[in-house]
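Colleague: Provided herewith is a single structure, encoded as structure tokens, for subsequent inquiry.
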Amino acid sequence: MSDRAPLDADAVRHIATLARLGLSDDEVRLLAGQLTDVLRYVEQLGELDTAGVEPTHAAAGGGAWRPPGLRIELAEGDATAAAPAAVEGQFSVPKVIG
Amino acid sequence: MSSPLCAAREALERGERSSVELTRACLARIEATDARLSAWLHVDADGALAQAAAVDARRARGERLGPLAGVPVGLKDIFLTRDLPTTCGSRILEGYRPPYDATVVARLRAAGAVILGKQNMDAFAMGSSNENSAFGAAHNPWDLERTPGGSSGGSAAAVAAGHCFGALGTDTGGSIRQPASFCGVVGLKPTYGRVSRFGVIAFASSLDQPGPIARTVRDAAALFEACAGPDPHDATSAEVPLPVGLEAMPRDADLAGVRLGVPAEYFGEGLAPGVAAATQAALDQLRALGAELVDVHLPHARYGVAAYYLVATAEASSNLARFDGVRYGLRRAGADLAAMYGATRDAGFGLEVKRRIMLGTYALSAGYYDAYYRKASQARTLVRRDFDAALDTVDAIVTPVSPTTAFRLGERVDDPLSMYLADVFTIGCNLAGLPGLSVPCGFDEARLPVGLQLIGRAFDEATLLRIAASYEDATGWCGQRPALGEEAP
């Protein structure tokens, strides 16, 4: 990790595409510097000997599974009431298939 | 000192006050001071008065009422509320009205609480200063030029200013405890799994935990008891019985037999002198109350910030994928679906949210997953083991909440890394899933509140509350209020 090159603008744009974030050129420039700073900081984790250490993905907490049969009932009108575009109880999106 | 929420509840039960009176008083206080504090994003005056009148009517008929019947409270704007707007502090949800209540909101309603409205916060709970609220930062009632902390800053400011008898916030890396500390009130981050996350807008699902903010320990205990406990709608909710009658802790109890761990790692360089002095005085007071102070070590604590900002952002990048302009909130037009997503998210998210989504996406992306996300998750195991080992020998760990008192608005806004580093004392609890409590422990030289943090064993919030109540009874810091109240509006 320690020889990681700073993030350049192209790398930031690539990540933004993966994250479905449109970014302005100013934001790309700013984030390149700030994300590089944070990535350099987190490189200290490389000092840790983690061979054989199981990762923790969730702390304490309960079981992993929701009981069967439990459902959240939303009326059709409720489910789409806050949608920016809905047609006849369906969410409407820009045309995907030509 | 008396606990305002518990006292209000007793006055209501004895018929000395009505809920409508209390609610009117809270609304008047908000009206008089919130132009300066910006603690609220939405005040539901009519709805609150209607709820209060309904409780008063039920009481007059002699009906059996819930434990918070008629008590006015506030909610951080991260909790879904069926009848109120829910923005999570972000433009992308401006105007959104959820189709259902979060479990904790439903429980507060069932307990009879009067919901005054929704409180200001850093967008998507990402921030330590409230400056990432899309609707303008809340201000600290002790000094209006300073931050109330974050991300539950509006809730802590509102409680400190006497706008409400308590509030619910959420804590992913310190977002209840740090603002409670900055505003001189009590904040409890319960054990992960103790309080349902169903209907709480997710930031980092393995770290997020709702909890109470109140003026005293007993008031926080009463709110905690009303909203905690198993919930089948949250798969990570723990099937652990909740102690009852928590707020009925004996007055002026000593701490004989209590062992408290003091980790040297939390008292090193970087601690502001005023915080160090107040914390040391608190340790002396705890010893005077009969507690035994023991050195403990948390050697991986210094890796906590790095691990946290990879784990939390990785989870956030996934959780915030749902804000895509399809089911709720903002939509910006684009030539195709991908362009619509990009334009919507660019317009709806603020810079800090984008920064964290970017960092998390990078940490999870092909080629970097092992070096960042997996490594951070392993570091999390090491942090957790440190706490487990220490808590094998002591009843609770005592530390400062934050290295400084409330800083000036604008002071750190251009340096996100310095903002992240200030979370160093609070994030360990979240990584390890343990309960943490912030209780006022004095003031610095600028008369800004300092908070003391108690960290306990999983599901042992009762011990933290008991220690904190004993400390509070002995010191009276919780009785101090910001001068805001005495100024003519």
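By order in the structure tokens, chains are A, B, ...; within a chain, residues start at 1; ligands start at 1, following the order shown.
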With a distance cut-off of 12 Å and only C-alpha atoms, select the neighbouring residues of Val42 (chain A), excluding the residue or stretch itself and same-chain residues fewer than 5 positions from it, and output the selection as a PyMOL selection string.
Modeller: (chain A and resi 1-2+4+35-37+47-48) or (chain B and resi 302-311+359+363+371-373+375-376+379+417+420-421)
Colleague: Keeping only C-alpha atoms, write the selected residues to a file as a short mmCIF file (atom, residue, chain, number, x, y, z; two decimals), in the first residue's frame.
Modeller:
data_model
loop_
_atom_site.label_atom_id
_atom_site.label_comp_id
_atom_site.auth_asym_id
_atom_site.auth_seq_id
_atom_site.Cartn_x
_atom_site.Cartn_y
_atom_site.Cartn_z
CA MET A 1 0.00 0.00 0.00
CA SER A 2 2.76 2.40 0.87
CA ARG A 4 0.49 4.09 -3.84
CA LEU A 35 -8.80 11.65 -1.24
CA THR A 36 -5.05 11.33 -1.74
CA ASP A 37 -4.54 12.81 1.75
CA GLU A 47 1.89 -1.57 9.83
CA LEU A 48 -0.52 -4.06 11.41
CA ARG B 302 -4.60 4.66 17.12
CA TYR B 303 -5.62 2.63 14.04
CA GLY B 304 -9.29 3.22 14.72
CA VAL B 305 -9.72 6.35 12.60
CA ALA B 306 -8.12 4.71 9.55
CA ALA B 307 -10.18 1.53 9.93
CA TYR B 308 -13.36 3.50 10.57
CA TYR B 309 -13.09 5.80 7.55
CA LEU B 310 -12.64 2.81 5.24
CA VAL B 311 -15.37 0.61 6.74
CA LEU B 359 -13.62 6.88 -0.82
CA ALA B 363 -11.93 0.97 -1.05
CA ALA B 371 -5.63 -3.63 0.79
CA TYR B 372 -8.33 -1.30 2.10
CA TYR B 373 -11.69 -2.78 3.07
CA LYS B 375 -7.46 -4.77 5.99
CA ALA B 376 -9.69 -2.26 7.79
CA ALA B 379 -7.98 -3.90 12.12
CA LEU B 417 -8.82 14.79 7.32
CA TYR B 420 -11.98 12.92 10.74
CA LEU B 421 -9.02 12.72 13.14
#
Colleague: With only C-alpha atoms counted and 6 Å as the cut-off, give the residues of chain B in contact with chain A, each with its shortest interatomic distance in Å and the pair that gives it, as a Markdown table.
Modeller:
| residue | atom | partner | partner_atom | distance |
| --- | --- | --- | --- | --- |
| B:Pro99 | CA | A:Asp78 | CA | 5.6 |
| B:Tyr192 | CA | A:Gly61 | CA | 5.4 |
| B:Gly193 | CA | A:Gly61 | CA | 4.1 |
| B:Ser206 | CA | A:Ala58 | CA | 5.0 |
| B:Ala235 | CA | A:Arg66 | CA | 4.8 |
| B:Thr236 | CA | A:Gly62 | CA | 4.8 |
| B:Ser237 | CA | A:Gly62 | CA | 5.2 |
| B:Ala238 | CA | A:Gly62 | CA | 3.7 |
| B:Ala306 | CA | A:Val42 | CA | 4.7 |
| B:Arg327 | CA | A:Ala83 | CA | 4.5 |
| B:Tyr328 | CA | A:Ala83 | CA | 4.4 |
| B:Asp336 | CA | A:Pro94 | CA | 5.9 |
| B:Leu337 | CA | A:Pro94 | CA | 5.5 |
| B:Gly342 | CA | A:Gly22 | CA | 4.3 |
| B:Ala343 | CA | A:Gly22 | CA | 5.5 |
| B:Arg345 | CA | A:Leu21 | CA | 5.7 |
| B:Asp346 | CA | A:Gly22 | CA | 5.0 |
| B:Ser377 | CA | A:Pro55 | CA | 4.6 |
| B:Gln378 | CA | A:Pro55 | CA | 4.1 |
| B:Thr381 | CA | A:Thr56 | CA | 5.3 |
| B:Ala432 | CA | A:Ala59 | CA | 5.8 |
| B:Gly433 | CA | A:Ala59 | CA | 4.8 |
Colleague: Could you check the closest approach to Leu12 (chain B) for each of B:Arg59, B:Phe224, B:Val326, B:Ala256 and tell me which residue wins, using only C-alpha atoms?
Modeller: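 Using only C-alpha atoms, the shortest distance to Leu12 (chain B) belongs to B:Arg59.
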Colleague: What gap, in Å, lies between CA of Ala9 (chain A) and CA of Asp370 (chain B)?
Modeller: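 Answer for the CA of Ala9 (chain A) to CA of Asp370 (chain B) separation: 23.4 Å.
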Colleague: Tell me, as a list in words, which residues lie within 8 Å of Leu188 (chain B), counting only C-alpha atoms; anything in the same chain fewer than 2 positions away does not count.
Modeller: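 Contacts, in chain order: Ile176, Arg177, Val186, Pro190, Gly211, Pro212, Ile213, Ala220, Pro435, Gly436, Leu437 and Ser438 of chain B.
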Colleague: Output the selection as an mmCIF file, in the first residue's frame - N, CA and C atoms for each residue.
Modeller:
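Saved to part.cif:
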data_model
loop_
_atom_site.group_PDB
_atom_site.id
_atom_site.type_symbol
_atom_site.label_atom_id
_atom_site.label_comp_id
_atom_site.auth_asym_id
_atom_site.auth_seq_id
_atom_site.Cartn_x
_atom_site.Cartn_y
_atom_site.Cartn_z
ATOM 1 N N ILE B 176 -23.725 10.898 18.444
ATOM 2 C CA ILE B 176 -24.537 11.277 19.603
ATOM 3 C C ILE B 176 -23.626 11.867 20.680
ATOM 4 N N ARG B 177 -22.517 11.165 20.951
ATOM 5 C CA ARG B 177 -21.672 11.523 22.099
ATOM 6 C C ARG B 177 -20.934 12.854 21.902
ATOM 7 N N VAL B 186 -26.384 15.039 27.960
ATOM 8 C CA VAL B 186 -26.045 13.617 28.068
ATOM 9 C C VAL B 186 -26.420 12.906 26.765
ATOM 10 N N PRO B 190 -26.148 3.281 22.408
ATOM 11 C CA PRO B 190 -26.343 1.943 22.945
ATOM 12 C C PRO B 190 -25.474 0.908 22.217
ATOM 13 N N GLY B 211 -29.929 6.430 19.556
ATOM 14 C CA GLY B 211 -29.873 6.544 21.007
ATOM 15 C C GLY B 211 -30.352 7.910 21.465
ATOM 16 N N PRO B 212 -30.532 8.061 22.783
ATOM 17 C CA PRO B 212 -31.107 9.281 23.332
ATOM 18 C C PRO B 212 -30.093 10.390 23.622
ATOM 19 N N ILE B 213 -30.573 11.624 23.529
ATOM 20 C CA ILE B 213 -29.852 12.813 23.994
ATOM 21 C C ILE B 213 -30.800 13.522 24.953
ATOM 22 N N ALA B 220 -32.104 10.487 29.944
ATOM 23 C CA ALA B 220 -31.611 9.658 28.830
ATOM 24 C C ALA B 220 -32.034 8.207 29.035
ATOM 25 N N PRO B 435 -21.493 -0.103 24.017
ATOM 26 C CA PRO B 435 -22.202 1.110 24.415
ATOM 27 C C PRO B 435 -21.229 2.182 24.910
ATOM 28 N N GLY B 436 -21.559 3.432 24.608
ATOM 29 C CA GLY B 436 -20.750 4.560 25.073
ATOM 30 C C GLY B 436 -21.669 5.682 25.511
ATOM 31 N N LEU B 437 -21.279 6.388 26.551
ATOM 32 C CA LEU B 437 -22.124 7.449 27.097
ATOM 33 C C LEU B 437 -21.281 8.697 27.299
ATOM 34 N N SER B 438 -21.848 9.854 26.963
ATOM 35 C CA SER B 438 -21.179 11.127 27.229
ATOM 36 C C SER B 438 -21.950 11.869 28.309
#
